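Participant: Dropping in coords-v3.txt, with compact mmCIF, C-alpha atoms.
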# COMPACT_ATOMS: atom_id res chain seq x y z
CA HIS Y 1 0.00 0.00 0.00
CA LEU Y 2 2.82 2.41 0.86
CA LEU Y 3 4.67 1.68 -2.38
CA SER Y 4 1.49 2.24 -4.40
CA LYS Y 5 0.90 5.58 -2.66
CA LEU Y 6 4.46 6.76 -3.29
CA ASN Y 7 4.29 5.81 -6.96
CA ASP Y 8 0.94 7.58 -7.34
CA LEU Y 9 2.36 10.79 -5.83
CA THR Y 10 5.42 10.61 -8.09
CA TRP Y 11 3.28 10.17 -11.20
CA HIS Y 12 1.02 13.08 -10.19
CA PHE Y 13 3.97 15.42 -9.58
CA GLU Y 14 5.69 14.49 -12.84
CA GLU Y 15 2.44 15.17 -14.73
CA ALA Y 16 2.21 18.62 -13.10
CA ILE Y 17 5.77 19.50 -14.13
CA ALA Y 18 5.19 18.24 -17.69
CA SER Y 19 2.03 20.40 -17.99
CA GLY Y 20 4.06 23.60 -17.59
CA SER Y 21 1.17 25.16 -15.68
CA GLU Y 22 2.21 27.40 -12.80
CA PHE Y 23 -1.02 26.70 -10.96
CA ASN Y 24 -0.67 22.91 -11.27
CA ILE Y 25 2.92 23.05 -10.05
CA VAL Y 26 2.07 25.25 -7.06
CA ALA Y 27 -0.87 22.99 -6.13
CA SER Y 28 1.33 19.89 -6.45
CA ARG Y 29 3.98 21.50 -4.29
CA ARG Y 30 1.39 22.07 -1.55
CA ARG Y 31 0.30 18.47 -1.92
CA LEU Y 32 3.91 17.32 -1.52
CA SER Y 33 4.21 19.27 1.74
CA ALA Y 34 0.95 17.75 2.96
CA ASN Y 35 2.18 14.21 2.22
CA GLU Y 36 5.57 14.39 3.93
CA ARG Y 37 4.25 11.88 6.44
CA TRP Y 38 4.40 9.24 3.70
CA LEU Y 39 8.13 9.80 3.35
CA ALA Y 40 8.61 9.45 7.07
CA ARG Y 41 6.39 6.36 7.09
CA GLY Y 42 8.44 4.87 4.25
CA THR Y 43 11.70 5.33 6.17
CA GLU Y 44 10.17 3.70 9.23
CA ILE Y 45 8.90 0.68 7.28
CA MET Y 46 12.23 0.24 5.47
CA ASN Y 47 14.09 0.16 8.77
CA GLN Y 48 11.69 -2.47 10.05
CA LEU Y 49 11.97 -4.59 6.90
CA LEU Y 50 15.76 -4.51 6.81
CA ALA Y 51 16.32 -4.95 10.55
CA ASP Y 52 16.52 -8.72 10.15
CA PRO Y 53 19.81 -9.75 8.44
CA ASP Y 54 18.11 -12.91 7.15
CA VAL Y 55 15.21 -11.08 5.58
CA ASP Y 56 13.44 -12.79 2.70
CA PHE Y 57 14.54 -11.77 -0.81
CA GLU Y 58 11.04 -10.68 -1.82
CA ILE Y 59 10.77 -8.40 1.20
CA ALA Y 60 14.21 -6.89 0.47
CA ARG Y 61 13.14 -6.25 -3.11
CA VAL Y 62 10.02 -4.39 -1.97
CA ALA Y 63 12.12 -2.34 0.47
CA GLN Y 64 14.46 -1.41 -2.37
CA ARG Y 65 11.55 -0.25 -4.51
CA ILE Y 66 10.22 1.84 -1.61
CA GLY Y 67 13.65 3.45 -1.26
CA LEU Y 68 13.75 4.31 -4.98
CA ALA Y 69 10.27 5.84 -4.81
CA GLN Y 70 11.29 7.93 -1.82
CA SER Y 71 14.39 9.09 -3.67
CA ARG Y 72 12.28 10.28 -6.61
CA LEU Y 73 9.94 12.17 -4.29
CA ALA Y 74 12.88 13.77 -2.49
CA ARG Y 75 14.12 15.17 -5.82
CA VAL Y 76 10.77 16.39 -7.06
CA ASP Y 77 10.81 19.57 -4.93
CA ALA Y 78 13.95 20.74 -6.76
CA SER Y 79 12.20 19.96 -10.05
CA PHE Y 80 9.25 22.10 -8.93
CA GLN Y 81 11.58 25.01 -8.20
CA ARG Y 82 13.33 24.75 -11.57
CA ALA Y 83 10.00 24.72 -13.38
CA LEU Y 84 8.79 27.75 -11.44
CA ASN Y 85 12.02 29.62 -12.16
CA LYS Y 86 11.53 28.94 -15.86
CA ILE Y 87 7.96 30.25 -15.69
CA GLU Y 88 9.14 33.30 -13.76
CA ALA Y 89 11.61 34.15 -16.53
CA GLN Y 90 8.74 34.11 -19.07
CA ARG Y 91 6.28 36.09 -16.94
CA VAL Y 92 5.05 39.40 -18.41
CA THR Y 93 4.42 42.49 -16.28
CA LEU Y 94 1.60 44.78 -17.41
CA GLY Y 95 3.28 48.14 -17.65
CA ALA Y 96 4.27 49.77 -14.35
CA SER Y 97 1.22 48.44 -12.53
CA GLY Y 98 3.13 45.60 -10.85
CA ILE Y 99 0.49 43.16 -12.08
CA SER Y 100 1.87 40.17 -13.95
CA SER Y 101 0.26 37.78 -16.39
CA SER Y 102 0.14 35.18 -13.59
CA ASP Y 103 -1.91 37.56 -11.45
CA VAL Y 104 -4.36 38.09 -14.31
CA ALA Y 105 -4.64 34.34 -14.90
CA ALA Y 106 -5.23 33.71 -11.17
CA TRP Y 107 -7.97 36.39 -11.10
CA LEU Y 108 -9.68 34.92 -14.18
CA ARG Y 109 -9.65 31.46 -12.60
CA GLN Y 110 -11.69 32.82 -9.67
CA LEU Y 111 -14.54 34.11 -11.89
CA ASP Y 112 -17.59 32.08 -12.76
CA ILE Y 113 -18.54 31.22 -16.32
CA ASP Y 114 -21.15 33.99 -16.65
CA ARG Y 115 -18.67 36.67 -15.66
CA LEU Y 116 -16.13 35.31 -18.15
CA VAL Y 117 -18.76 35.46 -20.92
CA ASP Y 118 -19.49 39.12 -20.10
CA ILE Y 119 -15.78 39.99 -20.24
CA ALA Y 120 -15.24 38.16 -23.54
CA ASP Y 121 -18.34 39.75 -25.15
CA GLY Y 122 -17.08 42.13 -27.81
CA ALA Y 123 -13.43 41.43 -27.06
CA LEU Y 124 -13.04 38.68 -29.65
CA LEU Y 125 -13.57 39.45 -33.33
CA THR Y 126 -13.39 37.27 -36.40
CA VAL Y 127 -10.64 38.69 -38.59
CA PRO Y 128 -11.00 37.99 -42.31
CA ASP Y 129 -8.05 36.77 -44.37
CA LEU Y 130 -5.95 39.70 -45.48
CA PRO Y 131 -5.07 39.95 -49.17
CA LEU Y 132 -1.44 39.74 -50.25
CA LEU Y 133 0.30 43.03 -49.70
CA ALA Y 134 3.43 43.61 -51.77
CA GLY Y 135 5.42 46.70 -52.61
CA GLY Y 136 6.97 47.75 -55.87
CA HIS Y 137 10.30 46.09 -55.19
CA GLU Y 138 8.71 42.71 -54.44
CA LEU Y 139 6.53 42.89 -57.56
CA LEU Y 140 9.53 43.88 -59.69
CA ASP Y 141 11.55 40.93 -58.43
CA ARG Y 142 8.79 38.48 -59.25
CA ALA Y 143 8.13 40.07 -62.64
CA GLU Y 144 11.83 39.81 -63.55
CA VAL Y 145 11.81 36.08 -62.83
CA VAL Y 146 8.59 35.51 -64.82
CA LEU Y 147 9.53 37.65 -67.82
CA SER Y 148 13.20 36.72 -68.14
CA GLU Y 149 13.58 33.78 -70.49
CA GLU Y 150 17.15 33.21 -69.31
CA VAL Y 151 16.12 32.92 -65.68
CA ARG Y 152 13.18 30.68 -66.54
CA ALA Y 153 15.37 28.40 -68.65
CA ARG Y 154 17.98 28.20 -65.89
CA GLU Y 155 15.33 27.28 -63.31
CA THR Y 156 13.69 24.65 -65.51
CA GLU Y 157 16.90 23.15 -66.96
CA GLN Y 158 17.35 19.73 -65.40
CA ALA Y 159 19.72 18.14 -67.92
CA LEU Y 160 22.93 16.62 -66.68
CA PRO Y 161 26.27 17.98 -67.90
CA PRO Y 162 27.89 16.11 -70.82
CA PRO Y 163 30.06 13.13 -69.88
CA SER Y 164 33.81 13.41 -69.86
CA ASP Y 165 36.53 10.80 -69.71
CA ALA Y 166 38.23 10.57 -66.35
CA GLU Y 167 41.98 10.29 -66.24
CA VAL Y 168 42.96 6.71 -65.52
CA ASP Y 169 46.48 5.82 -64.50
CA THR Y 170 47.12 2.33 -65.87
CA ARG Y 171 50.58 2.07 -64.37
CA PRO Y 172 50.78 -0.44 -61.51
CA GLU Y 173 51.49 0.93 -58.08
CA HIS Y 174 55.17 0.74 -57.25
CA GLU Y 175 56.57 1.24 -53.80
CA ASP Y 176 59.64 3.47 -53.67
CA LEU Y 177 62.34 1.37 -52.02
CA ALA Y 178 65.32 3.44 -53.14
CA MET Y 179 66.08 4.48 -49.54
CA LEU Y 180 66.02 0.85 -48.38
CA GLU Y 181 68.31 -0.25 -51.22
CA HIS Y 182 70.81 2.51 -50.43
CA PHE Y 183 70.67 1.65 -46.71
CA THR Y 184 71.23 -2.05 -47.53
CA ARG Y 185 74.39 -1.29 -49.50
CA ARG Y 186 75.61 0.97 -46.70
CA ILE Y 187 75.14 -1.70 -44.00
CA ASP Y 188 76.63 -4.42 -46.19
CA ALA Y 189 79.82 -2.38 -46.65
CA LEU Y 190 80.42 -1.80 -42.93
CA PRO Y 191 84.08 -2.61 -42.14
CA GLU Y 192 83.50 -2.78 -38.38
CA SER Y 193 80.92 -2.14 -35.66
CA ALA Y 194 79.12 1.22 -35.82
CA PRO Y 195 76.68 2.87 -33.39
CA LEU Y 196 73.04 3.31 -34.34
CA ALA Y 197 73.30 7.10 -34.11
CA THR Y 198 75.86 7.12 -36.93
CA LEU Y 199 73.95 4.78 -39.23
CA VAL Y 200 70.42 6.04 -38.67
CA ALA Y 201 70.83 9.82 -38.77
CA GLY Y 202 70.61 11.69 -42.05
CA GLY Y 203 67.88 13.42 -44.01
CA GLY Y 204 65.69 14.40 -41.06
CA PHE Y 205 63.50 12.68 -38.52
CA ALA Y 206 61.27 10.71 -40.93
CA PRO Y 207 64.10 8.91 -42.83
CA ALA Y 208 65.89 8.24 -39.54
CA SER Y 209 62.74 6.68 -38.07
CA TYR Y 210 62.40 4.47 -41.17
CA ARG Y 211 66.00 3.24 -40.91
CA LEU Y 212 65.67 2.57 -37.19
CA SER Y 213 62.46 0.58 -37.72
CA MET Y 214 64.16 -1.56 -40.36
CA LEU Y 215 67.10 -2.25 -38.03
CA ALA Y 216 64.65 -3.22 -35.27
CA LEU Y 217 63.00 -5.63 -37.71
CA LEU Y 218 66.42 -7.07 -38.53
CA ALA Y 219 67.21 -7.43 -34.81
CA ASP Y 220 64.03 -9.45 -34.26
CA GLY Y 221 65.33 -12.07 -36.69
CA GLY Y 222 62.28 -12.12 -38.90
CA GLU Y 223 62.33 -13.72 -42.33
CA GLY Y 224 61.78 -11.50 -45.32
CA PRO Y 225 60.59 -12.43 -48.80
CA ALA Y 226 62.80 -14.58 -51.00
CA GLU Y 227 63.30 -11.81 -53.54
CA GLY Y 228 63.27 -8.05 -53.58
CA PRO Y 229 64.95 -5.27 -51.60
CA VAL Y 230 63.29 -6.25 -48.32
CA GLY Y 231 64.54 -9.83 -48.58
CA SER Y 232 68.06 -8.62 -49.38
CA PHE Y 233 68.05 -6.38 -46.33
CA MET Y 234 66.78 -9.15 -44.03
CA ARG Y 235 69.61 -11.45 -45.19
CA LEU Y 236 72.42 -9.01 -44.36
CA PRO Y 237 75.26 -10.70 -42.38
CA VAL Y 238 75.13 -8.27 -39.44
CA GLU Y 239 74.12 -8.38 -35.80
CA VAL Y 240 71.93 -5.57 -34.42
CA SER Y 241 71.80 -4.95 -30.67
CA PHE Y 242 69.74 -2.43 -28.74
CA GLY Y 243 70.48 -1.12 -25.26
CA ASP Y 244 68.21 0.23 -22.54
CA GLU Y 245 69.73 3.71 -22.48
CA LEU Y 246 69.33 6.72 -24.76
CA THR Y 247 72.21 8.40 -26.58
CA PRO Y 248 72.01 12.17 -27.15
CA VAL Y 249 72.28 13.30 -30.79
CA GLY Y 250 71.07 16.91 -30.87
CA GLU Y 251 71.10 17.35 -34.64
CA ASP Y 252 69.24 16.46 -37.82
CA GLU Y 253 65.87 16.75 -35.99
CA ILE Y 254 66.93 14.00 -33.53
CA ALA Y 255 67.33 14.75 -29.82
CA LEU Y 256 67.89 11.23 -28.45
CA ILE Y 257 68.22 7.78 -29.93
CA SER Y 258 68.35 4.29 -28.45
CA HIS Y 259 71.84 3.09 -27.66
CA GLY Y 260 72.92 0.19 -29.86
CA GLU Y 261 75.38 -1.13 -32.41
CA VAL Y 262 75.43 -2.85 -35.78
CA THR Y 263 78.24 -5.44 -36.03
CA PRO Y 264 79.21 -7.33 -39.21
CA ARG Y 265 79.41 -11.09 -38.88
CA ARG Y 266 82.91 -12.36 -39.51
CA PRO Y 267 83.33 -15.68 -41.32
CA ALA Y 268 84.63 -18.44 -39.08
CA THR Y 269 88.40 -18.93 -39.25
CA PRO Y 270 89.32 -22.57 -40.10
CA ALA Y 271 91.28 -24.37 -37.40
CA THR Y 272 94.98 -25.09 -38.07
CA GLU Y 273 97.11 -27.90 -36.74
What does this structure look like when you write it as structure tokens?
Facilitator:
Amino acid sequence: HLLSKLNDLTWHFEEAIASGSEFNIVASRRRLSANERWLARGTEIMNQLLADPDVDFEIARVAQRIGLAQSRLARVDASFQRALNKIEAQRVTLGASGISSSDVAAWLRQLDIDRLVDIADGALLTVPDLPLLAGGHELLDRAEVVLSEEVRARETEQALPPPSDAEVDTRPEHEDLAMLEHFTRRIDALPESAPLATLVAGGGFAPASYRLSMLALLADGGEGPAEGPVGSFMRLPVEVSFGDELTPVGEDEIALISHGEVTPRRPATPATE
């Protein structure tokens, strides 16, 4: 019974706010104040229901629903105030009389139907449809559109433009691997170990990043394709090692670079007796 009463109050108050009527909101606010005992009763019943730690699940579920209903009712007063503030911002004051449109509406609500008929008698008139009023400039604009054959043809022309042949590049896409090929020859000709900073730098940050990424791929020991520049690079007889520290460079758009070395593999020396 308590839960049904709380839900009924919540529905009534939400309907009053949705109506946008100042009088409905004020009346609902008074009703909320008059029904505060239901909120207190709900708190009391919830405490009784949840006092037992081994309370039945169905009873706990009802107590939870009562708590949610109470929470909605506790927030509805703030909703009332926001709605009234919005109405207050739209209220119209009749001159310097201090009488607002809400005062006039409240006074009219107190009158009986006969008095309202007497007030409305002669105050409402049926206004006939006014003919189109247009000045010389408006008529001239319309006449120019109607009389100009060029404008009329442009407005009625719906034909599509003539077709044209689009440029088609029949050449197959070719990836530019000139930088990789040059880098491969450079690594293959290393006479001795060289630091990464010396081999990677050159041409700016983007080329240096590309070279470093290729060396990292080579250090991982991955297998490249059987043919092509990438496969040739992956089969280089060098060892690539990376350290945990950073080496300062300070030039060619590079501030720091990972410490490491590229070392050529030496062919094994045959044993002698």
Participant: For Ser79 (chain Y), list every protein, DNA or RNA residue within 9 Å, evaluated using all atoms listed in the file, and leave out those in the same chain fewer than 4 positions away; present the list as a list of chain:residue names.
Facilitator: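 What passes the distance filter is Y:Glu14, Y:Ile17, Y:Arg75, Y:Ala83, Y:Leu84.
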Participant: Looking at Y:Met214, Y:Ala206, Y:Leu190, Y:Ala34, which one is nearest to Pro237 (chain Y), with distances taken over only C-alpha atoms?
Facilitator: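 Of Y:Met214, Y:Ala206, Y:Leu190, Y:Ala34, the one nearest Pro237 (chain Y), counting only C-alpha atoms, is Y:Leu190.
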Participant: Which residue gives the smallest distance to Arg31 (chain Y) among Y:Val55, Y:Leu2, Y:Ile254, Y:Leu73, with only C-alpha atoms counted?
Facilitator: Y:Leu73
Participant: How many Å separate CA of Phe80 (chain Y) from CA of Leu32 (chain Y)?
Facilitator: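 Between these atoms lies a distance of 10.3 Å.
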Participant: Of the candidates Y:Val240, Y:Val104, Y:Leu3, Y:Leu139, which one gets nearest to Ala63 (chain Y) if we count only C-alpha atoms?
Facilitator: Y:Leu3
Participant: Using only C-alpha atoms, which protein or nucleic acid residues come within 12 Å of Thr184 (chain Y)? Drop anything in the same chain fewer than 6 positions from it, and give the result as a list of chain:residue names.
Facilitator: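 My reading of the contact set: Y:Leu177, Y:Ala178, Y:Leu190, Y:Leu199, Y:Arg211, Y:Met214, Y:Leu215, Y:Leu218, Y:Gly228, Y:Pro229, Y:Val230, Y:Gly231, Y:Ser232, Y:Phe233, Y:Met234, Y:Arg235, Y:Leu236, Y:Pro237, Y:Val238.
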Participant: Near Arg61 (chain Y), within 12 Å and counting all atoms listed in the file, which residues show up once chain neighbours fewer than 6 positions away are dropped, as a list of chain:residue names?
Facilitator: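 Everything that qualifies: Y:Leu3, Y:Met46, Y:Leu49, Y:Leu50, Y:Val55, Y:Gly67, Y:Leu68.
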Participant: For a cutoff of 12 Å around the file-coordinate point (4.9, 20.4, -16.5), which residues qualify once you count only C-alpha atoms? I'd like the result as a ChimeraX atom specification.
Facilitator: /Y:11-26,28,76,79-84,86-87
Participant: Enter the distance from CA of Arg65 (chain Y) to CA of Asn47 (chain Y), in Å, rounded to one decimal.
Facilitator: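 Result for CA of Arg65 (chain Y) versus CA of Asn47 (chain Y): 13.5 Å, one decimal.
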Participant: If I take CA of Asp77 (chain Y) and CA of Arg37 (chain Y), how far is one from the other in Å, to one decimal?
Facilitator: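 So the two atoms, CA of Asp77 (chain Y) and CA of Arg37 (chain Y), lie 15.2 Å apart.
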Participant: Would you mind writing region 254-265 of chain Y with all heavy atoms, as a PDB file, in the coordinates of the input?
Facilitator:
ATOM      1  N   ILE Y 254      66.917  15.127 -34.471  1.00  0.00           N
ATOM      2  CA  ILE Y 254      66.930  14.000 -33.530  1.00  0.00           C
ATOM      3  C   ILE Y 254      67.550  14.495 -32.228  1.00  0.00           C
ATOM      4  O   ILE Y 254      68.684  14.999 -32.233  1.00  0.00           O
ATOM      5  CB  ILE Y 254      67.725  12.806 -34.077  1.00  0.00           C
ATOM      6  CG1 ILE Y 254      67.166  12.357 -35.430  1.00  0.00           C
ATOM      7  CG2 ILE Y 254      67.697  11.649 -33.101  1.00  0.00           C
ATOM      8  CD1 ILE Y 254      67.999  11.304 -36.109  1.00  0.00           C
ATOM      9  N   ALA Y 255      66.807  14.367 -31.130  1.00  0.00           N
ATOM     10  CA  ALA Y 255      67.330  14.750 -29.820  1.00  0.00           C
ATOM     11  C   ALA Y 255      68.026  13.570 -29.150  1.00  0.00           C
ATOM     12  O   ALA Y 255      69.159  13.691 -28.684  1.00  0.00           O
ATOM     13  CB  ALA Y 255      66.211  15.285 -28.936  1.00  0.00           C
ATOM     14  N   LEU Y 256      67.349  12.429 -29.095  1.00  0.00           N
ATOM     15  CA  LEU Y 256      67.890  11.230 -28.450  1.00  0.00           C
ATOM     16  C   LEU Y 256      67.603  10.023 -29.322  1.00  0.00           C
ATOM     17  O   LEU Y 256      66.629  10.013 -30.091  1.00  0.00           O
ATOM     18  CB  LEU Y 256      67.253  11.026 -27.063  1.00  0.00           C
ATOM     19  CG  LEU Y 256      67.431  12.144 -26.028  1.00  0.00           C
ATOM     20  CD1 LEU Y 256      66.540  11.892 -24.833  1.00  0.00           C
ATOM     21  CD2 LEU Y 256      68.884  12.239 -25.588  1.00  0.00           C
ATOM     22  N   ILE Y 257      68.432   9.013 -29.191  1.00  0.00           N
ATOM     23  CA  ILE Y 257      68.220   7.780 -29.930  1.00  0.00           C
ATOM     24  C   ILE Y 257      68.634   6.613 -29.032  1.00  0.00           C
ATOM     25  O   ILE Y 257      69.494   6.767 -28.140  1.00  0.00           O
ATOM     26  CB  ILE Y 257      69.042   7.763 -31.244  1.00  0.00           C
ATOM     27  CG1 ILE Y 257      68.603   6.612 -32.129  1.00  0.00           C
ATOM     28  CG2 ILE Y 257      70.533   7.694 -30.966  1.00  0.00           C
ATOM     29  CD1 ILE Y 257      69.222   6.655 -33.524  1.00  0.00           C
ATOM     30  N   SER Y 258      68.019   5.471 -29.245  1.00  0.00           N
ATOM     31  CA  SER Y 258      68.350   4.290 -28.450  1.00  0.00           C
ATOM     32  C   SER Y 258      69.812   3.901 -28.662  1.00  0.00           C
ATOM     33  O   SER Y 258      70.325   3.935 -29.787  1.00  0.00           O
ATOM     34  CB  SER Y 258      67.449   3.115 -28.828  1.00  0.00           C
ATOM     35  OG  SER Y 258      66.105   3.425 -28.584  1.00  0.00           O
ATOM     36  N   HIS Y 259      70.457   3.534 -27.563  1.00  0.00           N
ATOM     37  CA  HIS Y 259      71.840   3.090 -27.660  1.00  0.00           C
ATOM     38  C   HIS Y 259      71.885   1.691 -28.277  1.00  0.00           C
ATOM     39  O   HIS Y 259      71.088   0.807 -27.952  1.00  0.00           O
ATOM     40  CB  HIS Y 259      72.491   3.054 -26.273  1.00  0.00           C
ATOM     41  CG  HIS Y 259      73.904   2.558 -26.287  1.00  0.00           C
ATOM     42  ND1 HIS Y 259      74.944   3.326 -26.758  1.00  0.00           N
ATOM     43  CD2 HIS Y 259      74.436   1.374 -25.909  1.00  0.00           C
ATOM     44  CE1 HIS Y 259      76.070   2.626 -26.654  1.00  0.00           C
ATOM     45  NE2 HIS Y 259      75.791   1.441 -26.141  1.00  0.00           N
ATOM     46  N   GLY Y 260      72.808   1.486 -29.218  1.00  0.00           N
ATOM     47  CA  GLY Y 260      72.920   0.190 -29.860  1.00  0.00           C
ATOM     48  C   GLY Y 260      74.037   0.188 -30.884  1.00  0.00           C
ATOM     49  O   GLY Y 260      74.630   1.230 -31.198  1.00  0.00           O
ATOM     50  N   GLU Y 261      74.309  -0.974 -31.439  1.00  0.00           N
ATOM     51  CA  GLU Y 261      75.380  -1.130 -32.410  1.00  0.00           C
ATOM     52  C   GLU Y 261      74.967  -2.106 -33.497  1.00  0.00           C
ATOM     53  O   GLU Y 261      74.117  -2.985 -33.286  1.00  0.00           O
ATOM     54  CB  GLU Y 261      76.669  -1.646 -31.739  1.00  0.00           C
ATOM     55  CG  GLU Y 261      77.374  -0.631 -30.865  1.00  0.00           C
ATOM     56  CD  GLU Y 261      78.706  -1.159 -30.354  1.00  0.00           C
ATOM     57  OE1 GLU Y 261      78.944  -2.383 -30.497  1.00  0.00           O
ATOM     58  OE2 GLU Y 261      79.501  -0.355 -29.823  1.00  0.00           O
ATOM     59  N   VAL Y 262      75.566  -1.924 -34.655  1.00  0.00           N
ATOM     60  CA  VAL Y 262      75.430  -2.850 -35.780  1.00  0.00           C
ATOM     61  C   VAL Y 262      76.808  -3.431 -36.043  1.00  0.00           C
ATOM     62  O   VAL Y 262      77.763  -2.692 -36.344  1.00  0.00           O
ATOM     63  CB  VAL Y 262      74.880  -2.137 -37.029  1.00  0.00           C
ATOM     64  CG1 VAL Y 262      74.785  -3.128 -38.192  1.00  0.00           C
ATOM     65  CG2 VAL Y 262      73.532  -1.521 -36.732  1.00  0.00           C
ATOM     66  N   THR Y 263      76.936  -4.762 -35.932  1.00  0.00           N
ATOM     67  CA  THR Y 263      78.240  -5.440 -36.030  1.00  0.00           C
ATOM     68  C   THR Y 263      78.216  -6.432 -37.172  1.00  0.00           C
ATOM     69  O   THR Y 263      77.332  -7.312 -37.213  1.00  0.00           O
ATOM     70  CB  THR Y 263      78.580  -6.173 -34.724  1.00  0.00           C
ATOM     71  OG1 THR Y 263      78.498  -5.245 -33.637  1.00  0.00           O
ATOM     72  CG2 THR Y 263      79.961  -6.775 -34.780  1.00  0.00           C
ATOM     73  N   PRO Y 264      79.155  -6.332 -38.115  1.00  0.00           N
ATOM     74  CA  PRO Y 264      79.210  -7.330 -39.210  1.00  0.00           C
ATOM     75  C   PRO Y 264      79.609  -8.697 -38.672  1.00  0.00           C
ATOM     76  O   PRO Y 264      80.405  -8.808 -37.737  1.00  0.00           O
ATOM     77  CB  PRO Y 264      80.270  -6.771 -40.157  1.00  0.00           C
ATOM     78  CG  PRO Y 264      80.436  -5.340 -39.775  1.00  0.00           C
ATOM     79  CD  PRO Y 264      80.120  -5.241 -38.320  1.00  0.00           C
ATOM     80  N   ARG Y 265      79.031  -9.736 -39.255  1.00  0.00           N
ATOM     81  CA  ARG Y 265      79.410 -11.090 -38.880  1.00  0.00           C
ATOM     82  C   ARG Y 265      80.700 -11.467 -39.632  1.00  0.00           C
ATOM     83  O   ARG Y 265      80.770 -11.305 -40.856  1.00  0.00           O
ATOM     84  CB  ARG Y 265      78.320 -12.094 -39.248  1.00  0.00           C
ATOM     85  CG  ARG Y 265      77.028 -11.920 -38.490  1.00  0.00           C
ATOM     86  CD  ARG Y 265      76.189 -13.179 -38.632  1.00  0.00           C
ATOM     87  NE  ARG Y 265      74.817 -12.950 -38.216  1.00  0.00           N
ATOM     88  CZ  ARG Y 265      73.808 -12.771 -39.044  1.00  0.00           C
ATOM     89  NH1 ARG Y 265      74.020 -12.810 -40.357  1.00  0.00           N
ATOM     90  NH2 ARG Y 265      72.599 -12.566 -38.600  1.00  0.00           N
TER      91      ARG Y 265
END
